[in-house]
>>> print(open('structure09.txt').read())   # compact mmCIF, C-alpha atoms
# COMPACT_ATOMS: atom_id res chain seq x y z
CA MET A 1 85.95 163.72 114.65
CA GLY A 2 85.15 164.47 111.02
CA GLU A 3 81.41 164.61 111.85
CA GLU A 4 81.96 167.15 114.61
CA LEU A 5 84.23 169.28 112.43
CA LEU A 6 81.62 169.26 109.66
CA GLY A 7 78.98 170.32 112.17
CA ARG A 8 80.94 173.48 113.02
CA TYR A 9 81.15 174.79 109.45
CA PRO A 10 79.57 178.22 110.25
CA TYR A 11 82.55 179.16 112.42
CA PHE A 12 85.06 178.33 109.68
CA LEU A 13 83.15 180.33 107.06
CA THR A 14 82.85 183.30 109.45
CA ALA A 15 86.58 183.19 110.18
CA LEU A 16 87.31 183.13 106.43
CA LEU A 17 85.08 186.16 105.78
CA LEU A 18 86.63 188.04 108.71
CA VAL A 19 90.14 187.46 107.34
CA VAL A 20 89.07 188.56 103.84
CA GLY A 21 87.52 191.76 105.21
CA LEU A 22 90.56 192.52 107.35
CA TYR A 23 92.87 191.99 104.36
CA GLY A 24 90.77 194.47 102.40
CA MET A 25 91.12 197.07 105.15
CA LEU A 26 94.85 196.61 105.79
CA GLY A 27 96.38 195.37 102.57
CA LYS A 28 94.77 197.58 99.91
CA ARG A 29 95.84 201.17 99.16
CA ASN A 30 92.70 202.55 97.54
CA LEU A 31 90.29 204.17 100.01
CA LEU A 32 87.20 202.70 98.39
CA LYS A 33 88.65 199.20 98.54
CA LYS A 34 89.23 199.72 102.26
CA LEU A 35 85.55 200.63 102.61
CA ILE A 36 84.55 197.45 100.79
CA GLY A 37 86.73 195.47 103.22
CA MET A 38 84.96 197.14 106.15
CA THR A 39 81.58 196.16 104.68
CA VAL A 40 82.66 192.52 104.28
CA PHE A 41 83.89 192.49 107.90
CA GLN A 42 80.56 193.86 109.17
CA THR A 43 78.61 191.30 107.13
CA ALA A 44 80.71 188.48 108.61
CA ILE A 45 79.87 189.64 112.15
CA PHE A 46 76.15 189.78 111.32
CA LEU A 47 76.20 186.23 109.94
CA PHE A 48 78.06 184.99 113.01
CA PHE A 49 75.46 186.34 115.41
CA ILE A 50 72.47 185.19 113.35
CA GLN A 51 73.71 181.64 112.99
CA GLY A 52 74.37 181.54 116.73
CA ALA A 53 70.68 182.09 117.41
CA THR A 54 69.31 178.92 115.82
CA LYS A 55 67.97 175.93 117.70
CA GLN A 56 67.45 172.46 116.30
CA GLY A 57 63.88 171.90 115.07
CA ALA A 58 62.69 175.42 115.93
CA THR A 59 60.91 177.98 113.77
CA LEU A 60 60.68 181.77 113.33
CA PRO A 61 60.37 183.88 116.50
CA ILE A 62 56.71 184.72 115.81
CA LEU A 63 54.32 183.08 118.26
CA ASP A 64 52.14 180.47 116.58
CA PRO A 65 48.89 179.36 118.23
CA ARG A 66 49.70 175.74 117.43
CA TRP A 67 52.79 175.64 119.63
CA GLY A 68 51.95 178.12 122.40
CA THR A 69 54.86 179.68 124.23
CA ASP A 70 57.27 176.76 124.46
CA PRO A 71 60.81 178.22 124.36
CA ALA A 72 62.22 175.16 122.61
CA ARG A 73 60.05 175.68 119.50
CA TYR A 74 61.21 179.23 118.66
CA ILE A 75 64.68 180.44 117.84
CA ASN A 76 66.34 182.93 120.17
CA PRO A 77 65.08 186.44 119.30
CA LEU A 78 67.75 188.46 121.11
CA PRO A 79 70.60 188.24 118.53
CA HIS A 80 68.12 189.25 115.81
CA VAL A 81 67.24 192.40 117.76
CA LEU A 82 70.92 193.23 118.20
CA ILE A 83 71.71 192.74 114.53
CA LEU A 84 68.72 194.86 113.38
CA THR A 85 70.27 197.79 115.20
CA ALA A 86 73.75 196.94 113.93
CA ILE A 87 72.70 196.77 110.27
CA VAL A 88 71.12 200.22 110.28
CA VAL A 89 74.11 201.70 112.11
CA ALA A 90 76.43 200.08 109.52
CA VAL A 91 74.48 201.79 106.72
CA ALA A 92 74.81 205.14 108.49
CA ILE A 93 78.56 204.59 108.94
CA THR A 94 78.89 203.81 105.22
CA GLY A 95 77.02 207.02 104.35
CA VAL A 96 79.28 209.21 106.49
CA SER A 97 82.45 207.52 105.21
CA PHE A 98 81.38 208.13 101.60
CA ALA A 99 80.94 211.82 102.44
CA LEU A 100 84.45 211.88 103.94
CA VAL A 101 85.96 210.08 100.91
CA LEU A 102 84.30 212.64 98.61
CA THR A 103 85.83 215.54 100.59
CA ILE A 104 89.27 213.90 100.60
CA TYR A 105 89.10 213.42 96.83
CA ARG A 106 88.12 217.05 96.35
CA SER A 107 91.07 218.41 98.33
CA HIS A 108 93.80 215.91 97.33
CA GLY A 109 92.82 214.83 93.83
CA THR A 110 93.56 211.16 94.44
CA LEU A 111 92.20 208.17 96.38
CA ASP A 112 95.52 206.44 96.93
CA GLU A 113 96.54 206.20 100.57
CA GLU A 114 100.31 206.57 99.96
CA ALA A 115 99.86 209.65 97.74
CA ILE A 116 97.62 211.35 100.30
CA LEU A 117 100.14 210.70 103.10
CA GLU A 118 102.94 212.10 100.85
CA GLN A 119 100.97 215.28 100.26
CA GLY A 120 100.37 215.63 103.99
CA ARG A 121 104.10 215.20 104.76
CA LYS A 122 105.18 217.78 102.20
CA ARG A 123 103.00 220.57 103.60
CA MET B 1 104.82 195.81 104.31
CA ARG B 2 102.85 193.16 102.45
CA GLY B 3 104.69 190.42 104.35
CA LEU B 4 103.87 192.00 107.70
CA THR B 5 100.19 192.25 106.74
CA LEU B 6 100.04 188.60 105.72
CA VAL B 7 101.77 187.48 108.93
CA LEU B 8 99.30 189.48 111.02
CA LEU B 9 96.36 188.01 109.12
CA GLY B 10 97.74 184.51 109.61
CA LEU B 11 98.01 185.09 113.37
CA PHE B 12 94.46 186.46 113.41
CA LEU B 13 93.12 183.41 111.60
CA ALA B 14 94.97 181.06 113.97
CA LEU B 15 93.51 182.91 116.97
CA LEU B 16 89.98 182.65 115.57
CA LEU B 17 90.31 178.93 114.86
CA TYR B 18 91.69 178.30 118.34
CA ALA B 19 88.86 180.29 119.96
CA GLU B 20 86.08 178.51 118.07
CA GLY B 21 86.75 175.34 120.00
CA ASP B 22 84.93 176.76 123.00
CA LEU B 23 81.83 177.94 121.18
CA PRO B 24 78.66 175.79 121.34
CA GLY B 25 77.70 173.56 118.43
CA ARG B 26 75.22 174.70 115.80
CA GLY B 27 71.60 174.59 116.91
CA ASP B 28 72.30 173.55 120.48
CA PRO B 29 69.18 174.34 122.57
CA ALA B 30 71.19 174.45 125.81
CA ALA B 31 73.62 177.12 124.52
CA PRO B 32 74.24 179.91 127.06
CA ALA B 33 72.75 182.50 124.68
CA SER B 34 69.36 180.78 124.71
CA THR B 35 68.92 179.96 128.38
CA HIS B 36 69.35 183.17 130.34
CA VAL B 37 66.75 185.87 129.58
CA SER B 38 65.26 184.82 126.27
CA PRO B 39 62.87 182.11 127.64
CA TYR B 40 61.26 184.88 129.76
CA TYR B 41 60.64 186.98 126.65
CA ILE B 42 59.26 184.03 124.70
CA GLN B 43 56.88 183.00 127.48
CA HIS B 44 55.58 186.40 128.60
CA SER B 45 55.54 188.54 125.45
CA LEU B 46 51.99 187.70 124.34
CA ALA B 47 50.51 188.14 127.82
CA GLU B 48 52.22 191.45 128.53
CA THR B 49 52.25 193.18 125.13
CA LYS B 50 49.69 191.39 122.91
CA THR B 51 52.37 191.12 120.19
CA PRO B 52 53.07 187.74 118.59
CA ASN B 53 56.23 189.01 116.88
CA LEU B 54 58.91 188.47 119.54
CA VAL B 55 61.58 190.50 117.74
CA THR B 56 59.36 193.63 117.55
CA SER B 57 58.21 193.37 121.15
CA VAL B 58 61.76 192.96 122.46
CA LEU B 59 63.09 195.72 120.17
CA ALA B 60 60.42 198.34 120.85
CA ASP B 61 59.15 197.52 124.35
CA TYR B 62 61.52 195.50 126.54
CA ARG B 63 64.67 197.06 125.01
CA GLY B 64 63.07 200.31 123.80
CA TYR B 65 65.77 202.51 125.31
CA ASP B 66 68.46 200.95 123.11
CA THR B 67 66.30 201.51 120.03
CA LEU B 68 65.94 205.18 120.97
CA GLY B 69 69.73 205.52 121.23
CA GLU B 70 70.18 203.83 117.89
CA THR B 71 67.64 206.12 116.17
CA VAL B 72 69.54 209.13 117.52
CA VAL B 73 72.76 207.62 116.09
CA ILE B 74 71.14 207.36 112.64
CA VAL B 75 69.96 210.97 112.62
CA THR B 76 73.36 212.14 113.91
CA ALA B 77 75.02 210.32 111.00
CA ALA B 78 72.75 212.18 108.56
CA LEU B 79 73.61 215.51 110.22
CA ALA B 80 77.33 214.66 110.15
CA ALA B 81 77.22 213.80 106.43
CA ALA B 82 75.36 217.06 105.75
CA LEU B 83 77.96 219.04 107.73
CA VAL B 84 80.96 217.42 106.03
CA LEU B 85 79.52 218.18 102.59
CA LEU B 86 78.41 221.73 103.45
CA GLY B 87 81.30 223.41 101.73
CA GLU B 88 80.93 221.44 98.50
CA ARG B 89 78.36 223.67 96.85
CA ARG B 90 78.49 224.10 93.12
CA ALA B 91 79.91 227.35 91.74
CA ASP B 92 76.56 228.53 90.38
CA MET C 1 73.35 216.83 89.88
CA LEU C 2 71.18 213.92 88.79
CA THR C 3 69.55 214.33 85.38
CA ARG C 4 66.39 212.78 83.96
CA HIS C 5 66.95 209.42 82.29
CA PRO C 6 66.65 209.78 78.47
CA SER C 7 64.46 206.72 77.91
CA PRO C 8 60.68 207.19 78.45
CA VAL C 9 60.30 203.49 79.32
CA VAL C 10 62.48 203.91 82.40
CA THR C 11 60.73 207.06 83.61
CA THR C 12 57.22 205.63 83.10
CA VAL C 13 57.96 202.35 84.87
CA ALA C 14 59.59 204.22 87.76
CA ARG C 15 56.59 206.52 88.16
CA LEU C 16 54.26 203.49 88.14
CA LEU C 17 56.27 201.46 90.65
CA ALA C 18 57.18 204.08 93.24
CA PRO C 19 53.66 204.44 94.76
CA LEU C 20 53.26 200.65 94.88
CA ILE C 21 56.57 200.28 96.72
CA ALA C 22 55.49 202.98 99.19
CA LEU C 23 52.16 201.20 99.76
CA PHE C 24 53.92 197.92 100.46
CA ALA C 25 56.25 199.74 102.84
CA LEU C 26 53.27 201.09 104.80
CA TYR C 27 51.92 197.53 104.99
CA VAL C 28 55.26 196.31 106.38
CA VAL C 29 55.29 199.04 109.05
CA ALA C 30 51.68 198.45 110.07
CA HIS C 31 52.05 194.65 110.29
CA GLY C 32 55.19 194.69 112.35
CA HIS C 33 53.31 192.99 115.18
CA TYR C 34 52.25 189.91 113.26
CA SER C 35 54.85 189.25 110.58
CA PRO C 36 58.54 190.08 110.08
CA GLY C 37 58.78 193.81 109.63
CA GLY C 38 58.41 196.91 111.73
CA GLY C 39 59.97 200.34 111.69
CA PHE C 40 63.42 199.77 110.19
CA GLN C 41 62.35 197.54 107.32
CA GLY C 42 59.42 199.81 106.37
CA GLY C 43 61.58 202.94 106.57
CA VAL C 44 64.16 201.48 104.20
CA LEU C 45 61.43 200.49 101.72
CA LEU C 46 59.95 204.01 101.81
CA ALA C 47 63.41 205.42 101.14
CA ALA C 48 63.78 202.97 98.23
CA SER C 49 60.61 204.29 96.58
CA THR C 50 61.80 207.92 96.91
CA LEU C 51 65.30 207.10 95.64
CA LEU C 52 63.84 205.26 92.64
CA LEU C 53 62.11 208.50 91.63
CA ARG C 54 65.33 210.48 92.20
CA LEU C 55 67.38 208.15 90.04
CA ALA C 56 64.88 207.92 87.16
CA LEU C 57 63.55 211.45 86.99
CA GLY C 58 66.50 213.52 88.18
CA GLU C 59 66.61 215.98 91.02
CA LYS C 60 64.42 218.68 89.46
CA ASP C 61 61.53 216.52 88.26
CA SER C 62 61.25 214.49 91.44
CA ALA C 63 61.31 217.52 93.74
CA PRO C 64 57.47 217.87 93.73
CA ALA C 65 57.18 214.32 95.04
CA PHE C 66 59.74 214.77 97.82
CA PRO C 67 61.54 218.13 98.16
CA PRO C 68 65.16 217.68 99.25
CA SER C 69 64.73 220.18 102.06
CA LEU C 70 62.12 217.92 103.70
CA ALA C 71 64.43 214.99 104.49
CA LEU C 72 66.28 216.17 107.60
CA PRO C 73 63.21 217.74 109.30
CA MET C 74 61.35 214.46 108.76
CA ALA C 75 64.15 212.46 110.38
CA VAL C 76 64.23 214.74 113.40
CA THR C 77 60.41 214.54 113.69
CA GLY C 78 60.73 210.77 113.98
CA VAL C 79 63.15 211.07 116.89
CA LEU C 80 60.90 213.71 118.48
CA LEU C 81 57.89 211.37 118.26
CA TYR C 82 59.86 208.59 119.95
CA THR C 83 61.11 210.89 122.73
CA VAL C 84 57.67 212.39 123.41
CA THR C 85 56.25 208.85 123.77
CA GLY C 86 58.96 208.27 126.34
CA VAL C 87 58.58 211.49 128.32
CA VAL C 88 54.76 211.59 128.65
CA PRO C 89 54.61 208.57 131.03
CA LEU C 90 57.11 210.38 133.29
CA PHE C 91 54.47 212.99 134.11
CA LEU C 92 51.83 210.33 134.85
CA GLY C 93 53.65 208.31 137.45
CA GLY C 94 55.55 205.76 135.41
CA GLY C 95 59.11 205.38 134.27
CA TYR C 96 60.72 206.60 131.05
CA LEU C 97 59.28 204.80 127.99
CA ASP C 98 56.77 203.00 130.24
CA TYR C 99 53.97 202.46 127.72
CA ALA C 100 51.59 201.06 130.33
CA ARG C 101 50.97 204.57 131.67
CA LEU C 102 50.18 206.38 128.40
CA PRO C 103 47.15 208.69 128.74
CA TRP C 104 44.38 206.66 127.08
CA PRO C 105 41.36 206.19 129.36
CA GLY C 106 40.11 202.75 130.24
CA ALA C 107 42.48 200.48 128.33
CA PRO C 108 44.28 197.48 129.88
CA ALA C 109 48.08 197.54 130.10
CA PRO C 110 48.81 195.04 127.25
CA LEU C 111 46.72 197.09 124.81
CA LEU C 112 48.51 200.31 125.82
CA ARG C 113 51.89 198.65 125.29
CA TYR C 114 50.67 197.37 121.90
CA PHE C 115 49.86 200.91 120.75
CA GLY C 116 53.03 202.31 122.31
CA ILE C 117 55.03 199.88 120.16
CA LEU C 118 53.08 201.01 117.06
CA VAL C 119 53.71 204.74 117.66
CA VAL C 120 57.40 204.11 118.31
CA GLU C 121 57.76 202.04 115.12
CA VAL C 122 56.19 204.87 113.06
CA GLY C 123 58.73 207.28 114.58
CA VAL C 124 61.60 204.96 113.69
CA ALA C 125 60.31 204.56 110.10
CA LEU C 126 60.20 208.35 109.65
CA ALA C 127 63.72 208.71 111.05
CA VAL C 128 65.20 206.02 108.78
CA TRP C 129 63.37 207.38 105.69
CA GLY C 130 64.58 210.94 106.30
CA THR C 131 68.15 209.82 106.98
CA MET C 132 68.51 207.68 103.83
CA VAL C 133 67.10 210.40 101.53
CA ALA C 134 69.17 213.14 103.22
CA ILE C 135 72.48 211.26 102.85
CA PHE C 136 71.70 210.37 99.22
CA ASP C 137 70.75 213.95 98.32
CA ARG C 138 73.90 215.40 99.89
CA LEU C 139 76.16 212.86 98.19
CA ALA C 140 74.49 213.30 94.78
CA ARG C 141 74.59 217.07 94.96
CA GLY C 142 78.20 217.13 96.12
CA GLU C 143 79.22 215.55 92.85
CA GLY C 144 78.84 218.96 91.17
>>> encode(input="structure09.txt", output="structure tokens")
Amino acid sequence: MGEELLGRYPYFLTALLLVVGLYGMLGKRNLLKKLIGMTVFQTAIFLFFIQGATKQGATLPILDPRWGTDPARYINPLPHVLILTAIVVAVAITGVSFALVLTIYRSHGTLDEEAILEQGRKR
Amino acid sequence: MRGLTLVLLGLFLALLLYAEGDLPGRGDPAAPASTHVSPYYIQHSLAETKTPNLVTSVLADYRGYDTLGETVVIVTAALAAALVLLGERRAD
Amino acid sequence: MLTRHPSPVVTTVARLLAPLIALFALYVVAHGHYSPGGGFQGGVLLAASTLLLRLALGEKDSAPAFPPSLALPMAVTGVLLYTVTGVVPLFLGGGYLDYARLPWPGAPAPLLRYFGILVVEVGVALAVWGTMVAIFDRLARGEG
């Protein structure tokens, strides 16, 4: 039982990172800290997919003439393709959200979520 | 408000730990993710596209339409950032 | 507005390293078929070399190397290259993005797909390079 639990350590670490990222998004009041929480959440999802693609005793998904085209000798390439797309989209999302945070700071003068909501209610 | 957040996070963590019981073990070669389409790509990529790098051939040839959509998303994000910051010119 | 870094050591090292980083990035794009790499990785490295010059030399002194007004047109050119590679096979009897029917006389289908992948990866590298530099320039200029 202890052996099997130790063999599933990637899932526990991923769950821990997901909870940390979600706490950053929900429990912090500063807008930039929320963005950092979003980045941690995205990184946890990437790690979860990448570690789900490994196979025991297999190597990189680049065909090697020594081992031909045996599917058991190469790790699964499909999650890597998915995560390549996801990483670049995550960078684009971060760029746009920084532009939005800059505009919010210009018009409200603060980055605190409660203060911004107060200003919106008073208008 | 803090208490509610912590309770929600605790429920989320419990849900994740309950769900991970069904996932395959680490490195299992018979996992469902590795047995459906990916053996076809591994076996036929060199014969059909002359590319040893499986990730590039799947990304740019077999799944090229998704890569086109993602490139459009990137450029749209650049245009959106430029539009949001259009009014922020300096006074001079 | 980014200003030139006051120390001459920083500016000299940045001007020495930026072309080498760009050369390595071109290597990564061109060898995407045989080693880990391809369009996205090479595009990010190219953007890193341009942003190194922006950070070390400031916006005015690095404008001759990469004018800020060039970033968005370059990104859109990358998407245009990708789309044209997809539409041309439609007129020659194949499907959309069907590289086996690109108009190159007398080449077998695997070789045509090989070159289709290469053209598409160059388009993706241009798009990623233009996007990264455009977002950085807008954010840095918006600081006033």
>>> interface_residues(input="structure09.txt", of="chain B", to="chain A", cutoff="6 Å", atoms="only C-alpha atoms", output="list of chain:residue names")
B:Gly27, B:Asp28, B:Pro29, B:Ser34, B:Pro39, B:Gln43, B:Pro52, B:Asn53, B:Leu54, B:Val55, B:Leu59, B:Ile74, B:Ala77, B:Ala81
>>> interface_residues(input="structure09.txt", of="chain C", to="chain B", cutoff="10 Å", atoms="only C-alpha atoms", output="ChimeraX atom specification")
/C:1,31-40,71-72,75-76,78-80,82-83,86,96-100,109-121,123-125,127-128,130-139,141-144
>>> write_last_selection(input="structure09.txt", atoms="C-alpha atoms", output="mmCIF file, in the coordinates of the input")
data_model
loop_
_atom_site.group_PDB
_atom_site.id
_atom_site.type_symbol
_atom_site.label_atom_id
_atom_site.label_comp_id
_atom_site.auth_asym_id
_atom_site.auth_seq_id
_atom_site.Cartn_x
_atom_site.Cartn_y
_atom_site.Cartn_z
ATOM 1 C CA MET C 1 73.350 216.830 89.880
ATOM 2 C CA HIS C 31 52.050 194.650 110.290
ATOM 3 C CA GLY C 32 55.190 194.690 112.350
ATOM 4 C CA HIS C 33 53.310 192.990 115.180
ATOM 5 C CA TYR C 34 52.250 189.910 113.260
ATOM 6 C CA SER C 35 54.850 189.250 110.580
ATOM 7 C CA PRO C 36 58.540 190.080 110.080
ATOM 8 C CA GLY C 37 58.780 193.810 109.630
ATOM 9 C CA GLY C 38 58.410 196.910 111.730
ATOM 10 C CA GLY C 39 59.970 200.340 111.690
ATOM 11 C CA PHE C 40 63.420 199.770 110.190
ATOM 12 C CA ALA C 71 64.430 214.990 104.490
ATOM 13 C CA LEU C 72 66.280 216.170 107.600
ATOM 14 C CA ALA C 75 64.150 212.460 110.380
ATOM 15 C CA VAL C 76 64.230 214.740 113.400
ATOM 16 C CA GLY C 78 60.730 210.770 113.980
ATOM 17 C CA VAL C 79 63.150 211.070 116.890
ATOM 18 C CA LEU C 80 60.900 213.710 118.480
ATOM 19 C CA TYR C 82 59.860 208.590 119.950
ATOM 20 C CA THR C 83 61.110 210.890 122.730
ATOM 21 C CA GLY C 86 58.960 208.270 126.340
ATOM 22 C CA TYR C 96 60.720 206.600 131.050
ATOM 23 C CA LEU C 97 59.280 204.800 127.990
ATOM 24 C CA ASP C 98 56.770 203.000 130.240
ATOM 25 C CA TYR C 99 53.970 202.460 127.720
ATOM 26 C CA ALA C 100 51.590 201.060 130.330
ATOM 27 C CA ALA C 109 48.080 197.540 130.100
ATOM 28 C CA PRO C 110 48.810 195.040 127.250
ATOM 29 C CA LEU C 111 46.720 197.090 124.810
ATOM 30 C CA LEU C 112 48.510 200.310 125.820
ATOM 31 C CA ARG C 113 51.890 198.650 125.290
ATOM 32 C CA TYR C 114 50.670 197.370 121.900
ATOM 33 C CA PHE C 115 49.860 200.910 120.750
ATOM 34 C CA GLY C 116 53.030 202.310 122.310
ATOM 35 C CA ILE C 117 55.030 199.880 120.160
ATOM 36 C CA LEU C 118 53.080 201.010 117.060
ATOM 37 C CA VAL C 119 53.710 204.740 117.660
ATOM 38 C CA VAL C 120 57.400 204.110 118.310
ATOM 39 C CA GLU C 121 57.760 202.040 115.120
ATOM 40 C CA GLY C 123 58.730 207.280 114.580
ATOM 41 C CA VAL C 124 61.600 204.960 113.690
ATOM 42 C CA ALA C 125 60.310 204.560 110.100
ATOM 43 C CA ALA C 127 63.720 208.710 111.050
ATOM 44 C CA VAL C 128 65.200 206.020 108.780
ATOM 45 C CA GLY C 130 64.580 210.940 106.300
ATOM 46 C CA THR C 131 68.150 209.820 106.980
ATOM 47 C CA MET C 132 68.510 207.680 103.830
ATOM 48 C CA VAL C 133 67.100 210.400 101.530
ATOM 49 C CA ALA C 134 69.170 213.140 103.220
ATOM 50 C CA ILE C 135 72.480 211.260 102.850
ATOM 51 C CA PHE C 136 71.700 210.370 99.220
ATOM 52 C CA ASP C 137 70.750 213.950 98.320
ATOM 53 C CA ARG C 138 73.900 215.400 99.890
ATOM 54 C CA LEU C 139 76.160 212.860 98.190
ATOM 55 C CA ARG C 141 74.590 217.070 94.960
ATOM 56 C CA GLY C 142 78.200 217.130 96.120
ATOM 57 C CA GLU C 143 79.220 215.550 92.850
ATOM 58 C CA GLY C 144 78.840 218.960 91.170
#
>>> atom_distance(input="structure09.txt", atom1="CA of Ala22 in chain C", atom2="CA of Asp66 in chain B")
27.3 Å
>>> residues_near_point(input="structure09.txt", point="(55.0, 198.8, 94.9)", cutoff="12 Å", atoms="all atoms listed in the file", output="MDAnalysis selection string")
chainID C and resid 13:28 45:46 48:50 52
>>> atom_distance(input="structure09.txt", atom1="CA of Phe12 in chain B", atom2="CA of Asp112 in chain A")
25.9 Å
>>> closest_residue(input="structure09.txt", among="C:Thr3, C:Gln41, C:Thr11, C:Ser69", to="chain A", atoms="all atoms listed in the file")
C:Gln41
>>> closest_residue(input="structure09.txt", among="C:Val44, C:Leu81, C:Leu126, C:Val9", to="chain A", atoms="all atoms listed in the file")
C:Val44
>>> closest_residue(input="structure09.txt", among="A:Ile87, A:Ile116, A:Leu13, A:Leu111", to="Asn30 in chain A", atoms="all atoms listed in the file")
A:Leu111
>>> atom_distance(input="structure09.txt", atom1="CA of Met25 in chain A", atom2="CA of Ile50 in chain A")
23.6 Å
>>> closest_residue(input="structure09.txt", among="A:Val101, A:Ala115, A:Leu17, A:Leu6", to="chain C", atoms="all atoms listed in the file")
A:Val101
>>> closest_residue(input="structure09.txt", among="A:Thr110, A:Arg121, A:Arg66, A:Ile83", to="chain C", atoms="all atoms listed in the file")
A:Ile83
>>> axis_aligned_box(input="structure09.txt", around="range 22-39 of chain A", padding_each_side="6 Å", output="JSON")
{"center_x": 89.0, "center_y": 198.1, "center_z": 102.4, "size_x": 26.8, "size_y": 24.2, "size_z": 21.8}
>>> closest_residue(input="structure09.txt", among="A:Ile45, A:Lys122, A:Tyr105, A:Glu114", to="chain C", atoms="all atoms listed in the file")
A:Tyr105
>>> decode(input="structure09.txt", residues="range 4-55 of chain B", atoms="C-alpha atoms", output="compact mmCIF listing (two decimals), in the first residue's frame")
# COMPACT_ATOMS: atom_id res chain seq x y z
CA LEU B 4 -15.20 30.48 2.99
CA THR B 5 -12.17 30.50 0.68
CA LEU B 6 -10.32 27.97 2.81
CA VAL B 7 -13.36 25.69 3.00
CA LEU B 8 -13.75 25.79 -0.78
CA LEU B 9 -10.06 25.01 -1.27
CA GLY B 10 -10.31 22.11 1.16
CA LEU B 11 -13.25 20.67 -0.78
CA PHE B 12 -11.33 21.12 -4.04
CA LEU B 13 -8.31 19.29 -2.66
CA ALA B 14 -10.49 16.44 -1.38
CA LEU B 15 -12.14 16.13 -4.80
CA LEU B 16 -8.76 15.99 -6.55
CA LEU B 17 -7.41 13.33 -4.19
CA TYR B 18 -10.56 11.25 -4.61
CA ALA B 19 -10.37 11.52 -8.41
CA GLU B 20 -6.71 10.51 -8.65
CA GLY B 21 -7.58 6.99 -7.61
CA ASP B 22 -8.87 6.26 -11.10
CA LEU B 23 -5.89 7.61 -13.00
CA PRO B 24 -3.28 5.15 -14.36
CA GLY B 25 0.01 4.64 -12.56
CA ARG B 26 3.14 6.51 -13.59
CA GLY B 27 4.80 5.16 -16.72
CA ASP B 28 2.17 2.55 -17.49
CA PRO B 29 2.56 1.53 -21.16
CA ALA B 30 -1.05 0.30 -21.36
CA ALA B 31 -2.53 3.64 -20.23
CA PRO B 32 -5.50 4.75 -22.37
CA ALA B 33 -3.62 7.87 -23.50
CA SER B 34 -0.90 5.79 -25.16
CA THR B 35 -2.92 3.11 -26.91
CA HIS B 36 -5.48 4.82 -29.10
CA VAL B 37 -4.02 6.98 -31.90
CA SER B 38 -0.43 7.57 -30.84
CA PRO B 39 0.98 4.15 -31.96
CA TYR B 40 -0.21 5.04 -35.50
CA TYR B 41 1.74 8.30 -35.41
CA ILE B 42 4.86 6.62 -34.04
CA GLN B 43 4.80 3.85 -36.65
CA HIS B 44 3.91 5.85 -39.78
CA SER B 45 5.50 9.27 -39.25
CA LEU B 46 8.86 8.49 -40.88
CA ALA B 47 7.30 6.76 -43.89
CA GLU B 48 4.73 9.46 -44.58
CA THR B 49 6.56 12.68 -43.70
CA LYS B 50 10.30 11.87 -43.61
CA THR B 51 10.49 13.58 -40.18
CA PRO B 52 12.11 11.74 -37.27
CA ASN B 53 10.84 14.29 -34.73
CA LEU B 54 7.38 12.94 -33.84
CA VAL B 55 6.27 16.07 -31.99
